Amino acid sequence: MNALPWLATAQQSIQAAVQADRLPHALLIHEDAGAGGLELARWTSQLLLCRDRPRAPCGACPDCQWVLAGQHPDCMSVQPEGKSRQILVDQIRTAVAELRLTGHSGRAKIAVFAPAEAINANAANALLKTLEEPTPSTLLILITAQPSRLLATIRSRCLTLRVAAPARAEAIEWLTQSRGAGPWEAALDALNTGPLSLTEVDPAAIAATRRQVIEQLGQLEQQAVEPPALAEQWAKDELELRLACTESWVTDQILTLAAAHADPTELRHRHYSPAGSWALNIGRLLEFHGAVRELRALMHTSVNKSLAVESLLWRWAQVRTR
Ligand SMILES: [Zn+2]
């Protein structure tokens, strides 16, 4: 994978802290989705574990290679397990016990928790104890796109590093260099995310799905299709992608409306606009946007997806007609 130029500032501050021997025991990487939080954690692990110290991270020595392959004995990765999709207290205990052992490399012991908001309440309390009494030469790296979902006491014990998604042009340039030409802009628009989320997808397929979703929402509005029929179709095929496309498209509509009505008083009053002027009704669009996000968050649960999508599509039909 090509280097990620937008990580340079964060990398420089980590490098400077290491050189001054001031790297704290815990880093909190606050990333935008798809911006490369894991890549920064990997780079940091290589920096600490690389055996070619003057050139660290060299990227070529066995330690750097093992980190890259996710197989370094001194670099643990702690991720959600099982159906709960949470990081559980036993996982924290295992990781902490491992951190206390003598390292293979003798340079550092690292544990990476991602996504950190998946750490459940019991596990967070166990982690907090470790943060309060750190073991020498250990580094905890927490990666999250939603730091507000972590305990304030955990956040306050970490050095926070912000990894913002690169500007659109930079993201497209990076994707074109690493993956070749493609409709990257449309794919980025559809998923509303940073370029790292697109390293293994077909951008043309995503762009096509987005076009289809927009068309189908239009058909619902014109009552050319009924919500149950469309819901059945969506539930069977790429539902998560379709919901992502729906969310990004509704976001675009809201932004367009907000930009067209720079006077906030006008926008506020549009909530009460008469039937037929739905297009100005930003309040209803915001409500619908919230409903799409809620449903996306339920995709990994046992919720009845056909029914849930059908109820969402009925809502869309109403946004347009109320
Ligand atoms: Zn190396």
# chains A, B, ... in the order shown; residues from 1 in each chain; ligands from 1
$ select_by_dssp --residues "segment 13-206 of chain A" --states "strand (DSSP E)" --output "list in words"
Ala26, Leu27, Leu28, Ile29, His30, Glu31, Cys75, Met76, Ser77, Val78, Lys109, Ile110, Ala111, Val112, Phe113, Thr138, Leu139, Leu140, Ile141, Leu142, Ile143, Thr144, Leu159, Thr160, Leu161, Arg162 and Val163 of chain A
$ write_last_selection --atoms "C-alpha atoms" --output "mmCIF file, in the first residue's frame"
data_model
loop_
_atom_site.group_PDB
_atom_site.id
_atom_site.type_symbol
_atom_site.label_atom_id
_atom_site.label_comp_id
_atom_site.auth_asym_id
_atom_site.auth_seq_id
_atom_site.Cartn_x
_atom_site.Cartn_y
_atom_site.Cartn_z
ATOM 1 C CA ALA A 26 -1.496 5.215 25.872
ATOM 2 C CA LEU A 27 -2.483 6.785 22.563
ATOM 3 C CA LEU A 28 -6.036 7.467 21.493
ATOM 4 C CA ILE A 29 -6.272 7.694 17.727
ATOM 5 C CA HIS A 30 -9.406 9.650 16.851
ATOM 6 C CA GLU A 31 -9.924 8.831 13.203
ATOM 7 C CA CYS A 75 2.093 -6.410 19.084
ATOM 8 C CA MET A 76 -1.380 -7.605 19.985
ATOM 9 C CA SER A 77 -4.545 -6.712 18.228
ATOM 10 C CA VAL A 78 -7.711 -6.728 20.340
ATOM 11 C CA LYS A 109 5.013 -4.421 24.078
ATOM 12 C CA ILE A 110 2.020 -3.005 22.295
ATOM 13 C CA ALA A 111 -1.710 -3.679 22.353
ATOM 14 C CA VAL A 112 -4.031 -2.130 19.778
ATOM 15 C CA PHE A 113 -7.748 -1.900 20.586
ATOM 16 C CA THR A 138 4.280 -0.843 27.030
ATOM 17 C CA LEU A 139 2.012 1.091 24.740
ATOM 18 C CA LEU A 140 -1.762 0.876 24.502
ATOM 19 C CA ILE A 141 -3.266 2.214 21.280
ATOM 20 C CA LEU A 142 -7.007 2.834 21.171
ATOM 21 C CA ILE A 143 -8.578 3.597 17.804
ATOM 22 C CA THR A 144 -12.027 5.108 17.485
ATOM 23 C CA LEU A 159 -2.648 11.264 24.337
ATOM 24 C CA THR A 160 -5.188 11.954 21.595
ATOM 25 C CA LEU A 161 -4.039 12.059 17.988
ATOM 26 C CA ARG A 162 -6.465 13.240 15.349
ATOM 27 C CA VAL A 163 -6.485 11.443 11.997
#
$ select_by_dssp --residues "segment 113-288 of chain A" --states "helix (DSSP H, G or I)" --output "number ranges by chain"
A: 116-118, 121-132, 147-149, 152-155, 168-179, 184-191, 195-198, 203-221, 227-236, 239-260, 264-270, 278-280, 282-288
$ write_last_selection --atoms "C-alpha atoms" --output "CSV table (one decimal), in the first residue's frame"
chain,number,residue,atom,x,y,z
A,116,ALA,CA,-12.2,1.2,21.0
A,117,GLU,CA,-15.9,2.1,21.4
A,118,ALA,CA,-16.6,-1.6,21.3
A,121,ALA,CA,-18.3,-1.3,30.5
A,122,ASN,CA,-16.6,-4.1,32.5
A,123,ALA,CA,-13.8,-4.2,30.0
A,124,ALA,CA,-13.4,-0.5,30.2
A,125,ASN,CA,-13.0,-0.6,34.0
A,126,ALA,CA,-10.3,-3.3,33.7
A,127,LEU,CA,-8.5,-1.2,31.0
A,128,LEU,CA,-8.7,1.8,33.3
A,129,LYS,CA,-6.7,0.1,36.0
A,130,THR,CA,-4.0,-0.7,33.5
A,131,LEU,CA,-4.0,3.0,32.3
A,132,GLU,CA,-3.6,4.1,35.9
A,147,PRO,CA,-14.3,9.2,21.2
A,148,SER,CA,-17.4,10.5,23.0
A,149,ARG,CA,-18.4,6.9,23.4
A,152,ALA,CA,-14.0,10.3,30.0
A,153,THR,CA,-11.5,8.7,32.5
A,154,ILE,CA,-10.0,6.6,29.7
A,155,ARG,CA,-9.8,9.5,27.3
A,168,ARG,CA,-11.4,14.8,-1.6
A,169,ALA,CA,-8.8,15.4,-4.3
A,170,GLU,CA,-6.0,13.9,-2.2
A,171,ALA,CA,-8.2,10.8,-1.5
A,172,ILE,CA,-8.9,10.3,-5.2
A,173,GLU,CA,-5.3,10.8,-6.1
A,174,TRP,CA,-4.2,8.2,-3.5
A,175,LEU,CA,-6.9,5.7,-4.7
A,176,THR,CA,-5.9,6.2,-8.3
A,177,GLN,CA,-2.3,5.6,-7.5
A,178,SER,CA,-2.9,2.5,-5.4
A,179,ARG,CA,-5.8,0.9,-7.2
A,184,TRP,CA,-13.6,7.0,-7.0
A,185,GLU,CA,-15.4,10.3,-6.5
A,186,ALA,CA,-18.8,8.6,-6.9
A,187,ALA,CA,-17.7,5.7,-4.6
A,188,LEU,CA,-16.5,8.2,-1.9
A,189,ASP,CA,-19.8,10.1,-2.2
A,190,ALA,CA,-21.8,6.9,-1.9
A,191,LEU,CA,-20.1,5.6,1.2
A,195,PRO,CA,-10.2,6.3,1.1
A,196,LEU,CA,-9.1,3.3,3.3
A,197,SER,CA,-12.6,2.0,3.3
A,198,LEU,CA,-12.3,1.6,-0.5
A,203,PRO,CA,-15.9,1.5,-7.2
A,204,ALA,CA,-18.0,1.0,-10.4
A,205,ALA,CA,-20.3,-1.4,-8.7
A,206,ILE,CA,-20.8,1.0,-5.8
A,207,ALA,CA,-21.4,4.0,-8.1
A,208,ALA,CA,-24.0,1.9,-10.0
A,209,THR,CA,-25.8,0.9,-6.7
A,210,ARG,CA,-25.9,4.5,-5.7
A,211,ARG,CA,-27.5,5.5,-8.9
A,212,GLN,CA,-30.1,2.7,-8.6
A,213,VAL,CA,-30.9,3.7,-5.0
A,214,ILE,CA,-31.5,7.3,-5.9
A,215,GLU,CA,-33.7,6.2,-8.8
A,216,GLN,CA,-35.7,3.8,-6.6
A,217,LEU,CA,-36.2,6.5,-3.9
A,218,GLY,CA,-37.6,8.6,-6.7
A,219,GLN,CA,-39.9,5.8,-7.8
A,220,LEU,CA,-41.2,5.5,-4.2
A,221,GLU,CA,-42.0,9.2,-4.2
A,227,PRO,CA,-42.3,0.0,0.0
A,228,PRO,CA,-42.9,-3.7,0.7
A,229,ALA,CA,-41.7,-4.8,-2.8
A,230,LEU,CA,-38.7,-2.5,-2.7
A,231,ALA,CA,-37.8,-3.6,0.9
A,232,GLU,CA,-37.8,-7.2,-0.1
A,233,GLN,CA,-35.5,-6.5,-2.9
A,234,TRP,CA,-33.1,-4.4,-0.8
A,235,ALA,CA,-33.0,-7.0,2.0
A,236,LYS,CA,-31.8,-9.6,-0.4
A,239,LEU,CA,-28.6,-4.0,2.0
A,240,GLU,CA,-25.8,-2.3,4.0
A,241,LEU,CA,-24.5,-0.6,0.8
A,242,ARG,CA,-28.0,0.5,-0.1
A,243,LEU,CA,-28.5,2.1,3.3
A,244,ALA,CA,-25.1,3.7,3.1
A,245,CYS,CA,-26.1,5.2,-0.3
A,246,THR,CA,-29.4,6.3,1.1
A,247,GLU,CA,-27.7,8.1,4.0
A,248,SER,CA,-25.1,9.8,1.9
A,249,TRP,CA,-27.8,10.9,-0.6
A,250,VAL,CA,-30.1,12.3,2.1
A,251,THR,CA,-27.0,14.1,3.6
A,252,ASP,CA,-26.4,15.7,0.2
A,253,GLN,CA,-30.0,16.9,0.0
A,254,ILE,CA,-29.8,18.4,3.5
A,255,LEU,CA,-26.5,20.2,2.6
A,256,THR,CA,-28.0,21.5,-0.6
A,257,LEU,CA,-31.0,22.8,1.1
A,258,ALA,CA,-29.0,24.4,3.9
A,259,ALA,CA,-26.7,26.1,1.3
A,260,ALA,CA,-29.6,27.4,-0.7
A,264,PRO,CA,-31.5,30.3,9.2
A,265,THR,CA,-34.9,31.8,10.1
A,266,GLU,CA,-36.3,30.8,6.8
A,267,LEU,CA,-35.0,27.2,7.3
A,268,ARG,CA,-36.4,26.9,10.8
A,269,HIS,CA,-39.9,28.0,9.6
A,270,ARG,CA,-39.8,25.6,6.7
A,278,TRP,CA,-41.6,18.9,0.9
A,279,ALA,CA,-38.4,19.9,-0.9
A,280,LEU,CA,-37.9,22.8,1.5
A,282,ILE,CA,-35.3,20.2,6.1
A,283,GLY,CA,-36.8,19.0,9.4
A,284,ARG,CA,-38.4,16.0,7.8
A,285,LEU,CA,-35.2,15.2,5.9
A,286,LEU,CA,-33.2,15.4,9.2
A,287,GLU,CA,-35.7,13.0,10.9
A,288,PHE,CA,-35.4,10.5,8.0
$ residues_near_ligand --ligand "ligand 1" --cutoff "7 Å" --atoms "only C-alpha atoms and all ligand atoms" --output "VMD selection string"
chain A and resid 46 50 to 52 56 to 64
$ write_last_selection --atoms "N, CA and C atoms" --output "PDB file, in the first residue's frame"
ATOM      1  N   GLN A  46       5.623  -0.373  14.254  1.00  0.00           N
ATOM      2  CA  GLN A  46       6.877  -0.613  13.535  1.00  0.00           C
ATOM      3  C   GLN A  46       7.973   0.320  14.049  1.00  0.00           C
ATOM      4  N   CYS A  50      10.975  -1.866  15.301  1.00  0.00           N
ATOM      5  CA  CYS A  50      11.954  -2.035  14.217  1.00  0.00           C
ATOM      6  C   CYS A  50      13.353  -2.279  14.785  1.00  0.00           C
ATOM      7  N   ARG A  51      14.075  -3.232  14.191  1.00  0.00           N
ATOM      8  CA  ARG A  51      15.414  -3.511  14.715  1.00  0.00           C
ATOM      9  C   ARG A  51      16.484  -2.643  14.074  1.00  0.00           C
ATOM     10  N   ASP A  52      16.130  -1.939  13.020  1.00  0.00           N
ATOM     11  CA  ASP A  52      17.075  -1.015  12.388  1.00  0.00           C
ATOM     12  C   ASP A  52      16.820   0.371  13.000  1.00  0.00           C
ATOM     13  N   ALA A  56      14.274   3.439  11.751  1.00  0.00           N
ATOM     14  CA  ALA A  56      12.938   2.971  12.151  1.00  0.00           C
ATOM     15  C   ALA A  56      11.840   3.989  11.803  1.00  0.00           C
ATOM     16  N   PRO A  57      10.720   3.533  11.274  1.00  0.00           N
ATOM     17  CA  PRO A  57      10.439   2.148  10.867  1.00  0.00           C
ATOM     18  C   PRO A  57      10.948   1.877   9.448  1.00  0.00           C
ATOM     19  N   CYS A  58      11.842   0.906   9.321  1.00  0.00           N
ATOM     20  CA  CYS A  58      12.468   0.664   8.009  1.00  0.00           C
ATOM     21  C   CYS A  58      11.488  -0.008   7.050  1.00  0.00           C
ATOM     22  N   GLY A  59      10.539  -0.767   7.613  1.00  0.00           N
ATOM     23  CA  GLY A  59       9.555  -1.443   6.762  1.00  0.00           C
ATOM     24  C   GLY A  59      10.063  -2.741   6.178  1.00  0.00           C
ATOM     25  N   ALA A  60      11.374  -3.012   6.310  1.00  0.00           N
ATOM     26  CA  ALA A  60      11.956  -4.184   5.632  1.00  0.00           C
ATOM     27  C   ALA A  60      12.449  -5.256   6.596  1.00  0.00           C
ATOM     28  N   CYS A  61      12.792  -4.892   7.823  1.00  0.00           N
ATOM     29  CA  CYS A  61      13.350  -5.888   8.757  1.00  0.00           C
ATOM     30  C   CYS A  61      12.257  -6.875   9.169  1.00  0.00           C
ATOM     31  N   PRO A  62      12.658  -8.018   9.744  1.00  0.00           N
ATOM     32  CA  PRO A  62      11.637  -9.003  10.146  1.00  0.00           C
ATOM     33  C   PRO A  62      10.586  -8.422  11.095  1.00  0.00           C
ATOM     34  N   ASP A  63      11.019  -7.575  12.050  1.00  0.00           N
ATOM     35  CA  ASP A  63      10.041  -7.021  12.992  1.00  0.00           C
ATOM     36  C   ASP A  63       8.991  -6.167  12.264  1.00  0.00           C
ATOM     37  N   CYS A  64       9.458  -5.301  11.356  1.00  0.00           N
ATOM     38  CA  CYS A  64       8.510  -4.468  10.591  1.00  0.00           C
ATOM     39  C   CYS A  64       7.572  -5.351   9.774  1.00  0.00           C
TER      40      CYS A  64
END
$ closest_residue --among "A:Gln79, A:Thr94, A:Thr301, A:Thr199" --to "Ala35 of chain A" --atoms "only C-alpha atoms"
A:Thr199
$ atom_distance --atom1 "atom CA of Ala308 of chain A" --atom2 "atom CA of Asn192 of chain A"
22.3 Å
$ atom_distance --atom1 "atom CA of Ile14 of chain A" --atom2 "atom CA of Ser105 of chain A"
20.2 Å
$ decode --residues "segment 78-90 of chain A" --atoms "N, CA and C atoms" --output "mmCIF file, in the first residue's frame"
data_model
loop_
_atom_site.group_PDB
_atom_site.id
_atom_site.type_symbol
_atom_site.label_atom_id
_atom_site.label_comp_id
_atom_site.auth_asym_id
_atom_site.auth_seq_id
_atom_site.Cartn_x
_atom_site.Cartn_y
_atom_site.Cartn_z
ATOM 1 N N VAL A 78 -6.528 -6.331 19.579
ATOM 2 C CA VAL A 78 -7.711 -6.728 20.340
ATOM 3 C C VAL A 78 -8.937 -6.155 19.637
ATOM 4 N N GLN A 79 -9.780 -7.070 19.154
ATOM 5 C CA GLN A 79 -10.958 -6.668 18.376
ATOM 6 C C GLN A 79 -12.203 -7.319 18.971
ATOM 7 N N PRO A 80 -13.373 -6.826 18.580
ATOM 8 C CA PRO A 80 -14.609 -7.438 19.087
ATOM 9 C C PRO A 80 -14.668 -8.921 18.707
ATOM 10 N N GLU A 81 -15.218 -9.705 19.629
ATOM 11 C CA GLU A 81 -15.349 -11.132 19.366
ATOM 12 C C GLU A 81 -16.799 -11.547 19.522
ATOM 13 N N GLY A 82 -17.186 -12.521 18.740
ATOM 14 C CA GLY A 82 -18.504 -13.126 18.926
ATOM 15 C C GLY A 82 -19.641 -12.226 18.477
ATOM 16 N N LYS A 83 -20.845 -12.691 18.792
ATOM 17 C CA LYS A 83 -22.039 -12.006 18.306
ATOM 18 C C LYS A 83 -22.256 -10.652 18.959
ATOM 19 N N SER A 84 -21.716 -10.489 20.174
ATOM 20 C CA SER A 84 -21.959 -9.230 20.889
ATOM 21 C C SER A 84 -21.275 -8.068 20.187
ATOM 22 N N ARG A 85 -20.276 -8.361 19.375
ATOM 23 C CA ARG A 85 -19.472 -7.326 18.710
ATOM 24 C C ARG A 85 -18.879 -6.338 19.704
ATOM 25 N N GLN A 86 -18.561 -6.861 20.881
ATOM 26 C CA GLN A 86 -17.927 -6.033 21.905
ATOM 27 C C GLN A 86 -16.546 -6.589 22.232
ATOM 28 N N ILE A 87 -15.716 -5.725 22.798
ATOM 29 C CA ILE A 87 -14.452 -6.178 23.375
ATOM 30 C C ILE A 87 -14.744 -6.446 24.848
ATOM 31 N N LEU A 88 -14.518 -7.691 25.265
ATOM 32 C CA LEU A 88 -14.978 -8.139 26.579
ATOM 33 C C LEU A 88 -13.843 -8.114 27.606
ATOM 34 N N VAL A 89 -14.257 -8.187 28.883
ATOM 35 C CA VAL A 89 -13.299 -8.016 29.973
ATOM 36 C C VAL A 89 -12.196 -9.077 29.930
ATOM 37 N N ASP A 90 -12.546 -10.302 29.531
ATOM 38 C CA ASP A 90 -11.515 -11.344 29.475
ATOM 39 C C ASP A 90 -10.442 -11.015 28.438
#
